[in-house]
Structure formats: structure tokens, C-alpha cells
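Enquirer: Handing you this structure, nothing more for now.
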Amino acid sequence: MTVKMFVTDLDGTLLNKEHRISAENKKAVQEAVAAGVVVTIATGRMYESALPYAKELEVDVPIITYNGALIRSVAGRDYYSSYLEAADCQDILTYCREQDWYVQIYSDGVLYFAEETPEAEAYEAAAGIRGKAVGRDGLYEHCEHAPKMLVIFRDASRTDGAVEQLQRAFAGRITAVKSDPNYIEIIRPGVNKASALHQLAELLQISPEETMAIGDSNNDLPMLKAAGHSVAMGNAGEHVQKITDYVTDTCDADGVAVAIRRYVLGTEG
């Protein structure tokens, strides 16, 4: 098995539960880079939130952000972008308002929400960025160049039902996917980590068979299925683990480092 590109999710995968890259994961990534493997990140996060981690890893390649809606290099060069239609974004805002759901928008690299709520504050802390409170009506002014919207629930038991609601209400206009027990990501149809993985591999002249992807959540499923080789985290749900070639340790037990050394470098059994 030859792996020339290793694509890792961030939250619940490369990052531990403290939202940090462990010393062992960073060391393993550097070992892979030294061996000639392209290591990159694919995340639902905005580019501005993912960039510090890419810099920490010293990964000088395009990184996949917004769940595949934007591929941009560490230096800031855009390779691909796909934005929601402004009218669809506005309709989703109205729908979420009617349901009394918390929703936030990403536009031109800025996070917008209606007001500072516990959901907004928790997201800012986890993502390491600051958003802008613009009021409910003000959100409608930021629907241009929006690669993604995010609905957040305090009660995780509501998330699956809300995904189905959104898919029915906006069939053919958006894709809604659960990326965390409490998060629903809203992007354009056809946009996902799988399509971005293929685009990036083609850009780097790497065949799909020479790629490996690792992740833990529902929004990682397309990428895991599309990669030549796939690894589920030990903390991933059973439905994720069932479709991958391998299962590694959890994010708090350096599962990425274990996967790199075991399946990419072959330096540990």
C-alpha cells in the first residue's frame, strides 16, 4: 500500500477533546512529511479557524475548509470555492427564525450571528475566533459569498430530526449534514470533503488510490468512502467505523499518530 496524500479531519480527529494537537500527533505528521507524504487538513471549520493548525503542522499545501466549499493554501491562494445562493441563504435564515433555531453565517472570512448567545460563545471558544453580532435582521445582509451556514442545538437529540427537516424544506437547493452531535452544516449540493479531496489530489497529481483519509463524523463519510484508504477514529460512531478499512485509537489517545505510523509509514504494528 502506497499513500502519497494523508487527509485528516480536525475536530475529534487531529485535535483532542481540548481542541489541541498533541505532541505525538504533530511529531507523526512531521515524520510523514519527511517521508514525502503530503499531509493536509479537511474540516468543516472556516479557513481562518483551520489556518493556525495548518501553520502549527508546517503544512504548506492547500487546505480543505467549510466542509469542502473552499480550498485555500496556507499562503492565501484560492484553488476552489463554492458559495450558497444568496436567495437560498436568506430563505434558510427565515426558516430557522420561524423554528427558533440558532443559526450563524460565514461570509468573506467573517463569522456572523444574531447575538452573543451561549451557542455563539461556545463556538467562538472552540474555533478560536471572534464573530460579529449583527442582529437577526442584520444576518440577511451577509448572504453573499457564504460558503456555509451552521445551525447549533443545545439539545443534541434534536439534530437528526432537524437535518431531515432542512433536507425536505430545501430539497435540491442545499445539503444539510450533521458534523457534530449539536451541529448541522448547510452547504451547496455536491459540496463535500470527498469532492474536495479528489480536486486536491488531481491538483497535486496524486491518484485517488494513493490517498488516505481519517475522520470521525457524518460529514467525513463521503471523504472516507472516496479515499483510496480510510481510517475511522476510535471515538467515531459505529456507523462510521463500519465503512472504513481501518480503525485507530481515539483522539485523546493520539489516534492520528497511530494511523500514520501503522498504515502510512509502516513503522509500528
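Each chain in the C-alpha cells gets a letter, A, B, ..., in the order shown, and its residues are numbered from 1; ligands are numbered from 1 in order too.
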Find the nearest atom pair between each residue of stretch 97-194 of chain A and stretch 51-70 of chain A for residues within 10 Å, count only C-alpha atoms, give distances in Å to one decimal, sort rows by chain and ascending number, and present the table as a Markdown table.
Expert:
```
| residue | atom | partner | partner_atom | distance |
| --- | --- | --- | --- | --- |
| A:Tyr106 | CA | A:Tyr66 | CA | 9.0 |
| A:Gly128 | CA | A:Pro52 | CA | 9.3 |
| A:Ala146 | CA | A:Ala69 | CA | 9.4 |
| A:Pro147 | CA | A:Ala69 | CA | 5.7 |
| A:Lys148 | CA | A:Tyr66 | CA | 6.3 |
| A:Met149 | CA | A:Tyr66 | CA | 9.2 |
| A:Val177 | CA | A:Asn67 | CA | 9.8 |
| A:Ser179 | CA | A:Asn67 | CA | 9.1 |
| A:Glu185 | CA | A:Asn67 | CA | 8.2 |
| A:Ile186 | CA | A:Asn67 | CA | 9.4 |
| A:Ile187 | CA | A:Ala69 | CA | 7.4 |
| A:Arg188 | CA | A:Ala69 | CA | 8.0 |
| A:Gly190 | CA | A:Gly68 | CA | 9.5 |
| A:Val191 | CA | A:Gly68 | CA | 5.8 |
| A:Asn192 | CA | A:Gly68 | CA | 4.7 |
| A:Lys193 | CA | A:Gly68 | CA | 4.6 |
| A:Ala194 | CA | A:Gly68 | CA | 7.7 |
```
Enquirer: Among stretch 18-157 of chain A, which residues carry a DSSP assignment of strand (DSSP E or B), reported as a ChimeraX atom specification?
Expert: /A:21,38-42,62-65,70-73,78-81,102-107,110-113,132-133,148-152
Enquirer: Ranking A:Thr94, A:Ser49, A:Thr40, A:Ser157 by minimum distance to A:Ile129 and counting only C-alpha atoms, which one comes first?
Expert: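 Comparing A:Thr94, A:Ser49, A:Thr40, A:Ser157 against A:Ile129, the winner is A:Ser49.
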Enquirer: At a cut-off of 10 Å, using only C-alpha atoms, what residues contact stretch 225-232 of chain A? Leave out same-chain residues fewer than 5 positions from it and give the result as a PyMOL selection string.
Expert: chain A and resi 1-3+5-8+13+193-195+197-198+201+207-217+220+237-250+255-256+259-260+263-264
Enquirer: Once DSSP has gone over the backbone, tell me which residues of stretch 74-197 of chain A are in helix (DSSP H, G or I), as an MDAnalysis selection string.
Expert: chainID A and resid 86:99 118:127 135:142 156:169 193:197
Enquirer: Taking into account only C-alpha atoms, which residue in the set A:His142, A:Gln205, A:Ala126, A:Arg77 is nearest to A:Asn16?
Expert: A:Ala126
Enquirer: What's the separation between atom CA of A:Arg154 and atom CA of A:Leu15, in Å to one decimal place?
Expert: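 So the answer is 21.8 Å.
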Enquirer: Separation of atom CA of A:Asn182 and atom CA of A:Glu124, in Å?
Expert: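 Atom CA of A:Asn182 sits 14.6 Å away from atom CA of A:Glu124.
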Enquirer: Could you jot down the atom CA of A:Met46 to atom CA of A:Cys89 separation for me, Å, one decimal place?
Expert: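 Between atom CA of A:Met46 and atom CA of A:Cys89 the gap is 16.9 Å.
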Enquirer: Show me, as number ranges by chain, the residues that have an atom within 10 Å of A:Glu119 when counting only C-alpha atoms, minus same-chain residues fewer than 2 positions from it.
Expert: A: 102-104, 113, 115-117, 121-124, 151-154, 182
